[in-house]
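Note sheet for the following structure.
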Amino acid sequence: QVQLVESGGGLVQPGGSLRLSCAASGSILAVKAMGWYRQGPGKERELVAGILAGGSSYYTDSVKGRFTISRDNVKNTNTVYLQMNSLKPEDTAVYYCKIGFYYSQDYWGQGIQVTVSS
């Protein structure tokens with residue numbers, strides 16, 4: 001079993017910053033990738049940013065230059081971060097982290113609300 005705990009969401013004004021964290025613990029073996037998805041009001045869930053085990057990363061076009069994904073592995077806990085700068089109202093969504101494995105199922109976090117509003 002794998003547990004994912006997300007933190008760092010909240011309310012921020014346009015132009016502000018937030019840092020999301022997702023700590024994965026449990027049976028962490030052969031991680032393929034970790035990533036952040038989001039689902040805005042009335043929208044489908046979309047991949048925002050992902051990072052592969054080898055370190056390469058991906059960003060959807062709307063967040064390039066504003067968001068940065070990173071990860072670390074301390075004491076058998078894999079943590080993925082999403083630094084979000086220059087936030088816009090359209091970034092408002094529930095953000096979900098996901099961990100994928102080579103030889104097992106994927107796991108999702110419970111979701112965390114990010115609201116960008118003045």
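So you can find residues: chains in the structure tokens are A, B, ... in the order shown, residues in each start at 1, and ligands are numbered from 1 in order.
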
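Close contacts of stretch 34-36 of chain A, defined as residues with an atom at most 6 Å away when counting only C-alpha atoms, with chain neighbours fewer than 4 positions off set aside, comprise Val48, Ala49, Gly50, Ile51, Tyr96, Cys97, Lys98 and Ile99 of chain A.
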
Problem set entry | Neighbour list for A:Val74 as a PyMOL selection string, cut-off 12 Å, only C-alpha atoms, skip fewer than 4 positions in-chain | chain A and resi 23-25+28+78-80

Keeping only N, CA, C and O atoms, take the residues you just selected and write them out as a PDB file, in the first residue's frame.
ATOM      1  N   ALA A  23       3.668  13.932  -0.109  1.00  0.00           N
ATOM      2  CA  ALA A  23       4.572  12.938   0.451  1.00  0.00           C
ATOM      3  C   ALA A  23       3.995  11.549   0.255  1.00  0.00           C
ATOM      4  O   ALA A  23       2.875  11.265   0.709  1.00  0.00           O
ATOM      5  N   ALA A  24       4.753  10.693  -0.410  1.00  0.00           N
ATOM      6  CA  ALA A  24       4.342   9.317  -0.657  1.00  0.00           C
ATOM      7  C   ALA A  24       5.129   8.389   0.251  1.00  0.00           C
ATOM      8  O   ALA A  24       6.357   8.434   0.272  1.00  0.00           O
ATOM      9  N   SER A  25       4.437   7.553   0.985  1.00  0.00           N
ATOM     10  CA  SER A  25       5.086   6.611   1.880  1.00  0.00           C
ATOM     11  C   SER A  25       4.426   5.245   1.749  1.00  0.00           C
ATOM     12  O   SER A  25       3.339   5.118   1.189  1.00  0.00           O
ATOM     13  N   ILE A  28       7.114   1.930  -1.489  1.00  0.00           N
ATOM     14  CA  ILE A  28       7.635   2.773  -2.569  1.00  0.00           C
ATOM     15  C   ILE A  28       8.782   2.020  -3.253  1.00  0.00           C
ATOM     16  O   ILE A  28       9.930   2.103  -2.824  1.00  0.00           O
ATOM     17  N   ASN A  78       9.043   9.447  -0.709  1.00  0.00           N
ATOM     18  CA  ASN A  78       9.195  10.250  -1.916  1.00  0.00           C
ATOM     19  C   ASN A  78       8.271  11.442  -1.828  1.00  0.00           C
ATOM     20  O   ASN A  78       7.063  11.281  -1.607  1.00  0.00           O
ATOM     21  N   THR A  79       8.807  12.632  -1.985  1.00  0.00           N
ATOM     22  CA  THR A  79       8.001  13.830  -1.936  1.00  0.00           C
ATOM     23  C   THR A  79       8.124  14.581  -3.250  1.00  0.00           C
ATOM     24  O   THR A  79       9.238  14.785  -3.748  1.00  0.00           O
ATOM     25  N   VAL A  80       6.991  14.962  -3.793  1.00  0.00           N
ATOM     26  CA  VAL A  80       6.993  15.779  -5.000  1.00  0.00           C
ATOM     27  C   VAL A  80       6.418  17.141  -4.659  1.00  0.00           C
ATOM     28  O   VAL A  80       5.461  17.243  -3.885  1.00  0.00           O
TER      29      VAL A  80
END

Exercise. Do you know which residues are at most 7 Å from stretch 6-21 of chain A counting only C-alpha atoms, after dropping those on the same chain fewer than 5 positions away, and could you put them as a VMD selection string?
Worked result: chain A and resid 79 to 89 109 112 to 118

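Residues within 10 Å of A:Gly40, counting only C-alpha atoms and excluding same-chain residues fewer than 6 positions away, are Glu46, Glu90, Asp91, Thr92, Ala93, Val94, Tyr95, Gln113, Val114 and Thr115 of chain A.
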
Any chance you could list, as a short mmCIF file (atom, residue, chain, number, x, y, z; two decimals) with N, CA, C and O atoms, in the first residue's frame, the residues in stretch 28-103 of chain A that come up helix (DSSP H, G or I) when DSSP is run on the backbone?
data_model
loop_
_atom_site.label_atom_id
_atom_site.label_comp_id
_atom_site.auth_asym_id
_atom_site.auth_seq_id
_atom_site.Cartn_x
_atom_site.Cartn_y
_atom_site.Cartn_z
N ASP A 61 1.33 23.63 -21.34
CA ASP A 61 1.72 24.94 -21.86
C ASP A 61 1.31 26.11 -20.98
O ASP A 61 2.04 27.09 -20.83
N SER A 62 0.14 26.01 -20.38
CA SER A 62 -0.39 27.16 -19.63
C SER A 62 0.39 27.48 -18.36
O SER A 62 0.22 28.56 -17.79
N VAL A 63 1.26 26.57 -17.91
CA VAL A 63 2.01 26.83 -16.67
C VAL A 63 3.51 26.96 -16.89
O VAL A 63 4.25 27.24 -15.95
N PRO A 89 -6.20 33.58 -11.84
CA PRO A 89 -7.51 33.03 -11.45
C PRO A 89 -7.82 31.71 -12.15
O PRO A 89 -8.46 30.82 -11.56
N GLU A 90 -7.35 31.54 -13.38
CA GLU A 90 -7.62 30.31 -14.11
C GLU A 90 -6.84 29.11 -13.57
O GLU A 90 -7.06 27.97 -14.02
N ASP A 91 -5.92 29.35 -12.65
CA ASP A 91 -5.22 28.25 -11.98
C ASP A 91 -6.07 27.66 -10.84
O ASP A 91 -5.69 26.65 -10.25
#

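Atom CA of A:Ser56 to atom CA of A:Lys43 spans 27.4 Å [interatomic distance, one decimal].
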
Exercise. Which residues come within 10 Å of A:Phe101, counting only C-alpha atoms, excluding same-chain residues fewer than 5 positions away, as a list in words?
Worked result: Ile28, Leu29, Ala30, Val31, Lys32, Ala33, Met34, Ala53, Asp106 and Tyr107 of chain A

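Running DSSP on the backbone and keeping only strand (DSSP E), the residues of stretch 16-49 of chain A that qualify are A:Leu18, A:Arg19, A:Leu20, A:Ser21, A:Cys22, A:Ala23, A:Ala24, A:Ser25, A:Gly26, A:Val31, A:Lys32, A:Ala33, A:Met34, A:Gly35, A:Trp36, A:Tyr37, A:Arg38, A:Gln39, A:Glu46, A:Leu47, A:Val48, A:Ala49.
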
Store the residues of this selection in a file with N, CA and C atoms, as a PDB file, in the first residue's frame.
ATOM      1  N   LEU A  18       2.288  29.796  -4.325  1.00  0.00           N
ATOM      2  CA  LEU A  18       2.014  28.709  -3.399  1.00  0.00           C
ATOM      3  C   LEU A  18       2.960  27.565  -3.729  1.00  0.00           C
ATOM      4  N   ARG A  19       3.232  26.749  -2.725  1.00  0.00           N
ATOM      5  CA  ARG A  19       4.043  25.558  -2.938  1.00  0.00           C
ATOM      6  C   ARG A  19       3.270  24.351  -2.436  1.00  0.00           C
ATOM      7  N   LEU A  20       2.941  23.455  -3.341  1.00  0.00           N
ATOM      8  CA  LEU A  20       2.249  22.222  -2.984  1.00  0.00           C
ATOM      9  C   LEU A  20       3.280  21.128  -2.703  1.00  0.00           C
ATOM     10  N   SER A  21       2.958  20.298  -1.726  1.00  0.00           N
ATOM     11  CA  SER A  21       3.803  19.147  -1.401  1.00  0.00           C
ATOM     12  C   SER A  21       2.951  17.890  -1.392  1.00  0.00           C
ATOM     13  N   CYS A  22       3.549  16.795  -1.798  1.00  0.00           N
ATOM     14  CA  CYS A  22       2.870  15.499  -1.760  1.00  0.00           C
ATOM     15  C   CYS A  22       3.881  14.457  -1.304  1.00  0.00           C
ATOM     16  N   ALA A  23       3.668  13.932  -0.109  1.00  0.00           N
ATOM     17  CA  ALA A  23       4.572  12.938   0.451  1.00  0.00           C
ATOM     18  C   ALA A  23       3.995  11.549   0.255  1.00  0.00           C
ATOM     19  N   ALA A  24       4.753  10.693  -0.410  1.00  0.00           N
ATOM     20  CA  ALA A  24       4.342   9.317  -0.657  1.00  0.00           C
ATOM     21  C   ALA A  24       5.129   8.389   0.251  1.00  0.00           C
ATOM     22  N   SER A  25       4.437   7.553   0.985  1.00  0.00           N
ATOM     23  CA  SER A  25       5.086   6.611   1.880  1.00  0.00           C
ATOM     24  C   SER A  25       4.426   5.245   1.749  1.00  0.00           C
ATOM     25  N   GLY A  26       5.113   4.230   2.285  1.00  0.00           N
ATOM     26  CA  GLY A  26       4.587   2.874   2.199  1.00  0.00           C
ATOM     27  C   GLY A  26       5.466   2.031   1.292  1.00  0.00           C
ATOM     28  N   VAL A  31       9.600   3.473  -8.640  1.00  0.00           N
ATOM     29  CA  VAL A  31       8.755   4.607  -9.034  1.00  0.00           C
ATOM     30  C   VAL A  31       9.070   4.983 -10.470  1.00  0.00           C
ATOM     31  N   LYS A  32       8.048   5.122 -11.263  1.00  0.00           N
ATOM     32  CA  LYS A  32       8.203   5.506 -12.672  1.00  0.00           C
ATOM     33  C   LYS A  32       8.105   7.019 -12.834  1.00  0.00           C
ATOM     34  N   ALA A  33       7.127   7.616 -12.157  1.00  0.00           N
ATOM     35  CA  ALA A  33       6.917   9.049 -12.309  1.00  0.00           C
ATOM     36  C   ALA A  33       6.031   9.552 -11.180  1.00  0.00           C
ATOM     37  N   MET A  34       6.125  10.843 -10.938  1.00  0.00           N
ATOM     38  CA  MET A  34       5.215  11.522 -10.022  1.00  0.00           C
ATOM     39  C   MET A  34       4.726  12.774 -10.727  1.00  0.00           C
ATOM     40  N   GLY A  35       3.520  13.169 -10.419  1.00  0.00           N
ATOM     41  CA  GLY A  35       2.993  14.325 -11.116  1.00  0.00           C
ATOM     42  C   GLY A  35       1.857  14.996 -10.389  1.00  0.00           C
ATOM     43  N   TRP A  36       1.493  16.141 -10.894  1.00  0.00           N
ATOM     44  CA  TRP A  36       0.377  16.929 -10.384  1.00  0.00           C
ATOM     45  C   TRP A  36      -0.658  17.112 -11.491  1.00  0.00           C
ATOM     46  N   TYR A  37      -1.899  16.864 -11.141  1.00  0.00           N
ATOM     47  CA  TYR A  37      -3.033  17.094 -12.007  1.00  0.00           C
ATOM     48  C   TYR A  37      -3.923  18.139 -11.340  1.00  0.00           C
ATOM     49  N   ARG A  38      -4.831  18.689 -12.113  1.00  0.00           N
ATOM     50  CA  ARG A  38      -5.793  19.605 -11.524  1.00  0.00           C
ATOM     51  C   ARG A  38      -7.132  19.483 -12.248  1.00  0.00           C
ATOM     52  N   GLN A  39      -8.175  19.822 -11.501  1.00  0.00           N
ATOM     53  CA  GLN A  39      -9.519  19.811 -12.072  1.00  0.00           C
ATOM     54  C   GLN A  39     -10.234  21.080 -11.631  1.00  0.00           C
ATOM     55  N   GLU A  46      -6.710  17.522 -15.719  1.00  0.00           N
ATOM     56  CA  GLU A  46      -5.611  17.644 -16.667  1.00  0.00           C
ATOM     57  C   GLU A  46      -4.277  17.493 -15.956  1.00  0.00           C
ATOM     58  N   LEU A  47      -3.312  16.999 -16.701  1.00  0.00           N
ATOM     59  CA  LEU A  47      -1.947  16.910 -16.184  1.00  0.00           C
ATOM     60  C   LEU A  47      -1.321  18.299 -16.217  1.00  0.00           C
ATOM     61  N   VAL A  48      -0.829  18.739 -15.091  1.00  0.00           N
ATOM     62  CA  VAL A  48      -0.184  20.049 -14.983  1.00  0.00           C
ATOM     63  C   VAL A  48       1.327  19.917 -15.156  1.00  0.00           C
ATOM     64  N   ALA A  49       1.915  19.013 -14.412  1.00  0.00           N
ATOM     65  CA  ALA A  49       3.363  18.830 -14.461  1.00  0.00           C
ATOM     66  C   ALA A  49       3.697  17.429 -13.984  1.00  0.00           C
TER      67      ALA A  49
END

Problem set entry | Proximity to A:Gly111 - best of A:Phe67, A:Arg45, A:Thr77, A:Leu52, only C-alpha atoms | A:Arg45
